[in-house]
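Notes for the one structure printed next.
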Amino acid sequence: MGRFGNQAEHFLGGLAFSKLINRTLIVPPWRTYKNIPYSEWFQIESLRSYHRVIDAEDFMQNLAPRVWPNESRIGFCWLPADRPKSECQMKEGNPFESFWNELNVSFVDTTTYQLHYDEYSVNQWQKLFPADRYPVLALKGAPASYPMLAEHRQLQKYMTWSEQIMDEVRQHQKKLFNNEPYIGIHLRNDIDWERSCTNVESYKTRSYMASPQCLDQLGASTNSYVTHKICYPSDEEILRLLKNIVLRTRIRNIYVATDKRPMIKEIEEHLAAQRVYVTNLDPWLPVIDVAMLAHADYFIGNCVSSFTSVIKRARDVHDLPTAFWGFSN
């Protein structure tokens, strides 16, 4: 569900769950306006260092006719025990119908469950849905928490960029910056995000969307909550922190990824004395922005955004520095 950042968190949770219950993961495609095979953006082989996996298209073409024939395709939904099974509609709504149709999957029946996705439920999963009777568990929702569990963040190291993506990143780095260092920034400033942040302080929570990625750094003993400044930083806060990072690193190239307003003019004016060069691509595939920011020499992102969180995890694999608006100095 959701955009790429949300899908990536769900994917890592599903990867961990498949290993937990000792089932091969049928690696799902990414979802944009259509299904994108996992291998177009990341290498399937890297996942095998962690657990058994098979690409969904490979599975459907070569194994499904034998182990999951049309007449055996059952869909699984998490539903409260008091809700009727009829509410388990595997293809109802977006992106479900298109997702399954593009994999040429139809379901002859559905079943529901009330199980969790943790180590304490493994025996229940294996008892209720034994592999000899249910060779494939096709779940409507991801078997994962959101925000993702902290212990799953390190699984990002098994998500290695495809050569196709890396070739494009290298081309942009050469064309935009002549392979010189650059600071990457993520600005989440569309109207839908502004609305999401309006009342965030009234929730008094440390876990709002992807916020644990920065607030966890404070330790469990603190009472720090998500603030409006962290969620929807002002232009002044963005310019303040960016200037601090430019002065600290002496990097003058800046790459902007945004869902609305890149603030190029504002940044150039505020950092005129530093003679910065500011640019953005606005690619039709946001994953290019993710890859460009993941490979920046320094990165500043939005603590609450799952788009930022996938970038930070990718950077953590290589010990690259990350800061957050409204949180870092």
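For the structure tokens, the naming scheme is as follows: chains receive sequential letters (A, B, ...) according to their order of presentation, residues are indexed from 1 within each chain, and ligands are indexed from 1 in presentation order.
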Could you pull out the strand (DSSP E or B) residues of segment 9-204 of chain A from DSSP and send them as a list in words?
->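 Matching residues for strand (DSSP E or B) in segment 9-204 of chain A are Leu25, Ile26, Val27, Trp30, Arg31, Asn35, Ile36, Phe42, Val53, Ile54, Asp55, Ile74, Gly75, Phe76, Cys77, Trp78, Asp109, Thr110, Thr111, Thr112, Tyr113, Ala138, Leu139, Trp161, Ile183, Gly184, Ile185, His186 and Leu187 of chain A.
The list of residues with at least one atom within 12 Å of segment 80-86 of chain A, based on only C-alpha atoms and without residues fewer than 5 positions apart in the same chain, reads Gly75, Glu92, Asp109, Thr110, Thr111, Thr112, Tyr113, Gln114, Leu115 and His116 of chain A.
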File dump, residues just selected, N, CA and C atoms, as a PDB file, in the first residue's frame:
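What ended up in result.pdb:
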ATOM      1  N   GLY A  75      -7.308 -16.571  -1.090  1.00  0.00           N
ATOM      2  CA  GLY A  75      -6.795 -15.301  -0.564  1.00  0.00           C
ATOM      3  C   GLY A  75      -6.953 -15.240   0.932  1.00  0.00           C
ATOM      4  N   GLU A  92     -10.701  -5.917  -4.155  1.00  0.00           N
ATOM      5  CA  GLU A  92     -11.513  -4.718  -4.008  1.00  0.00           C
ATOM      6  C   GLU A  92     -10.635  -3.494  -3.791  1.00  0.00           C
ATOM      7  N   ASP A 109     -11.520 -18.670  -3.552  1.00  0.00           N
ATOM      8  CA  ASP A 109     -12.063 -18.632  -2.192  1.00  0.00           C
ATOM      9  C   ASP A 109     -11.193 -17.712  -1.349  1.00  0.00           C
ATOM     10  N   THR A 110     -11.656 -17.389  -0.157  1.00  0.00           N
ATOM     11  CA  THR A 110     -10.886 -16.581   0.792  1.00  0.00           C
ATOM     12  C   THR A 110     -10.999 -17.193   2.175  1.00  0.00           C
ATOM     13  N   THR A 111     -10.071 -16.820   3.017  1.00  0.00           N
ATOM     14  CA  THR A 111     -10.129 -17.211   4.424  1.00  0.00           C
ATOM     15  C   THR A 111      -9.612 -16.050   5.257  1.00  0.00           C
ATOM     16  N   THR A 112      -9.952 -16.019   6.511  1.00  0.00           N
ATOM     17  CA  THR A 112      -9.541 -14.915   7.377  1.00  0.00           C
ATOM     18  C   THR A 112      -8.708 -15.440   8.546  1.00  0.00           C
ATOM     19  N   TYR A 113      -7.985 -14.535   9.159  1.00  0.00           N
ATOM     20  CA  TYR A 113      -7.158 -14.903  10.314  1.00  0.00           C
ATOM     21  C   TYR A 113      -7.076 -13.724  11.267  1.00  0.00           C
ATOM     22  N   GLN A 114      -6.718 -14.017  12.506  1.00  0.00           N
ATOM     23  CA  GLN A 114      -6.525 -12.991  13.530  1.00  0.00           C
ATOM     24  C   GLN A 114      -5.135 -13.111  14.159  1.00  0.00           C
ATOM     25  N   LEU A 115      -4.191 -13.633  13.410  1.00  0.00           N
ATOM     26  CA  LEU A 115      -2.851 -13.873  13.945  1.00  0.00           C
ATOM     27  C   LEU A 115      -1.958 -12.645  13.801  1.00  0.00           C
ATOM     28  N   HIS A 116      -0.937 -12.589  14.651  1.00  0.00           N
ATOM     29  CA  HIS A 116       0.062 -11.538  14.558  1.00  0.00           C
ATOM     30  C   HIS A 116       1.226 -12.031  13.703  1.00  0.00           C
TER      31      HIS A 116
END
Atom CA of Asn62 of chain A to atom CA of Gln89 of chain A: how many Å, to one decimal?
->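 Computing it gives 26.6 Å between the two atoms.
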Residue set, segment 101-193 of chain A restricted to alpha helix (DSSP H), as a PyMOL selection string | chain A and resi 101-102+122-128+163-177+191-193
Using only C-alpha atoms, which residue out of A:Leu320, A:Met1, A:Ala314, A:Ile74 lies closest to Phe129 of chain A?
->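 The shortest atom-to-atom distance to Phe129 of chain A comes from A:Ile74.
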Kindly assemble as CSV a list of the segment 77-132 of chain A residues that lie within 7 Å of segment 140-162 of chain A, each paired with its nearest atom pair and their distance in Å to one decimal, using only C-alpha atoms, sorted first by chain and then by ascending residue number.
residue,atom,partner,partner_atom,distance
A:Cys77,CA,A:Lys140,CA,5.5
A:Met90,CA,A:Lys140,CA,5.8
A:Tyr117,CA,A:Pro143,CA,6.0
To one decimal in Å, tell me the separation between atom CA of Ser72 of chain A and atom CA of Tyr38 of chain A.
-> 25.3 Å
Residues within 10 Å of Ile183 of chain A, only C-alpha atoms, excluding chain neighbours under 3 positions, as a ChimeraX atom specification | /A:242,245-246,249-256,278,293,295-300
If you measure from atom CA of Asp58 of chain A to atom CA of Ser306 of chain A, what distance in Å do you get, rounded to one decimal?
-> 28.9 Å
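With only C-alpha atoms as the atoms that count, the residue of A:Ile21, A:Val105, A:Leu215, A:Leu285 with the shortest distance to Glu168 of chain A is A:Leu285.
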Which of these residues is nearest to Val27 of chain A, using only C-alpha atoms: A:Ala56, A:Lys312, A:Arg3, A:Gln43?
-> A:Ala56
Which residue gives the smallest distance to Asp132 of chain A among A:Asp235, A:Trp68, A:Gln173, A:Ile191, with only C-alpha atoms counted?
-> A:Trp68
Within 9 Å of Leu239 of chain A, counting only C-alpha atoms, which residues show up once you throw out same-chain ones fewer than 6 positions away? Write them as a list in words, please.
-> Glu266, Ile267, His270 and Leu271 of chain A
Residues just named, written with N, CA and C atoms as a short mmCIF file (atom, residue, chain, number, x, y, z; two decimals), in the first residue's frame:
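Written out: result.cif:
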data_model
loop_
_atom_site.label_atom_id
_atom_site.label_comp_id
_atom_site.auth_asym_id
_atom_site.auth_seq_id
_atom_site.Cartn_x
_atom_site.Cartn_y
_atom_site.Cartn_z
N GLU A 266 14.77 30.29 -3.21
CA GLU A 266 14.97 30.67 -1.81
C GLU A 266 16.34 30.21 -1.29
N ILE A 267 16.72 28.99 -1.66
CA ILE A 267 18.01 28.46 -1.21
C ILE A 267 19.17 29.24 -1.83
N HIS A 270 19.41 32.63 -0.07
CA HIS A 270 19.86 32.55 1.32
C HIS A 270 21.34 32.16 1.41
N LEU A 271 21.80 31.38 0.45
CA LEU A 271 23.18 30.91 0.48
C LEU A 271 24.00 31.53 -0.66
#
Show which residues sit within 8 Å of Ile288 of chain A, as a list in words. Count only C-alpha atoms, and ignore same-chain residues fewer than 5 positions away.
-> Ile165, Glu168, Val169 and Pro283 of chain A
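Minimum atom-to-atom distance to Ile311 of chain A, evaluated using only C-alpha atoms, belongs to A:Ala8 out of A:Ala8, A:Glu45, A:Ala16, A:Leu281.
Distance check against Phe17 of chain A using only C-alpha atoms: of A:Ser121, A:Ser49, A:Ser224, A:Ser328, the minimum falls on A:Ser121.
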His186 of chain A: which residues within 8 Å, counting only C-alpha atoms, same-chain residues fewer than 5 positions away excluded, as an mmCIF file with C-alpha atoms, in the first residue's frame?
data_model
loop_
_atom_site.group_PDB
_atom_site.id
_atom_site.type_symbol
_atom_site.label_atom_id
_atom_site.label_comp_id
_atom_site.auth_asym_id
_atom_site.auth_seq_id
_atom_site.Cartn_x
_atom_site.Cartn_y
_atom_site.Cartn_z
ATOM 1 C CA VAL A 256 16.477 18.641 -4.115
ATOM 2 C CA ALA A 257 13.760 15.968 -4.118
ATOM 3 C CA THR A 258 10.256 17.183 -3.383
ATOM 4 C CA ILE A 300 18.787 16.065 5.127
ATOM 5 C CA GLY A 301 15.309 14.564 5.259
ATOM 6 C CA ASN A 302 11.902 14.635 6.900
ATOM 7 C CA THR A 308 13.123 9.743 3.880
#
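Residue neighbourhood of His172 of chain A, excluding near-sequence residues (fewer than 5 positions): Met166, Asp167, Phe177, Asn178, Asn179, Leu281, Ile288 and Met292 of chain A, at 10 Å, using only C-alpha atoms.
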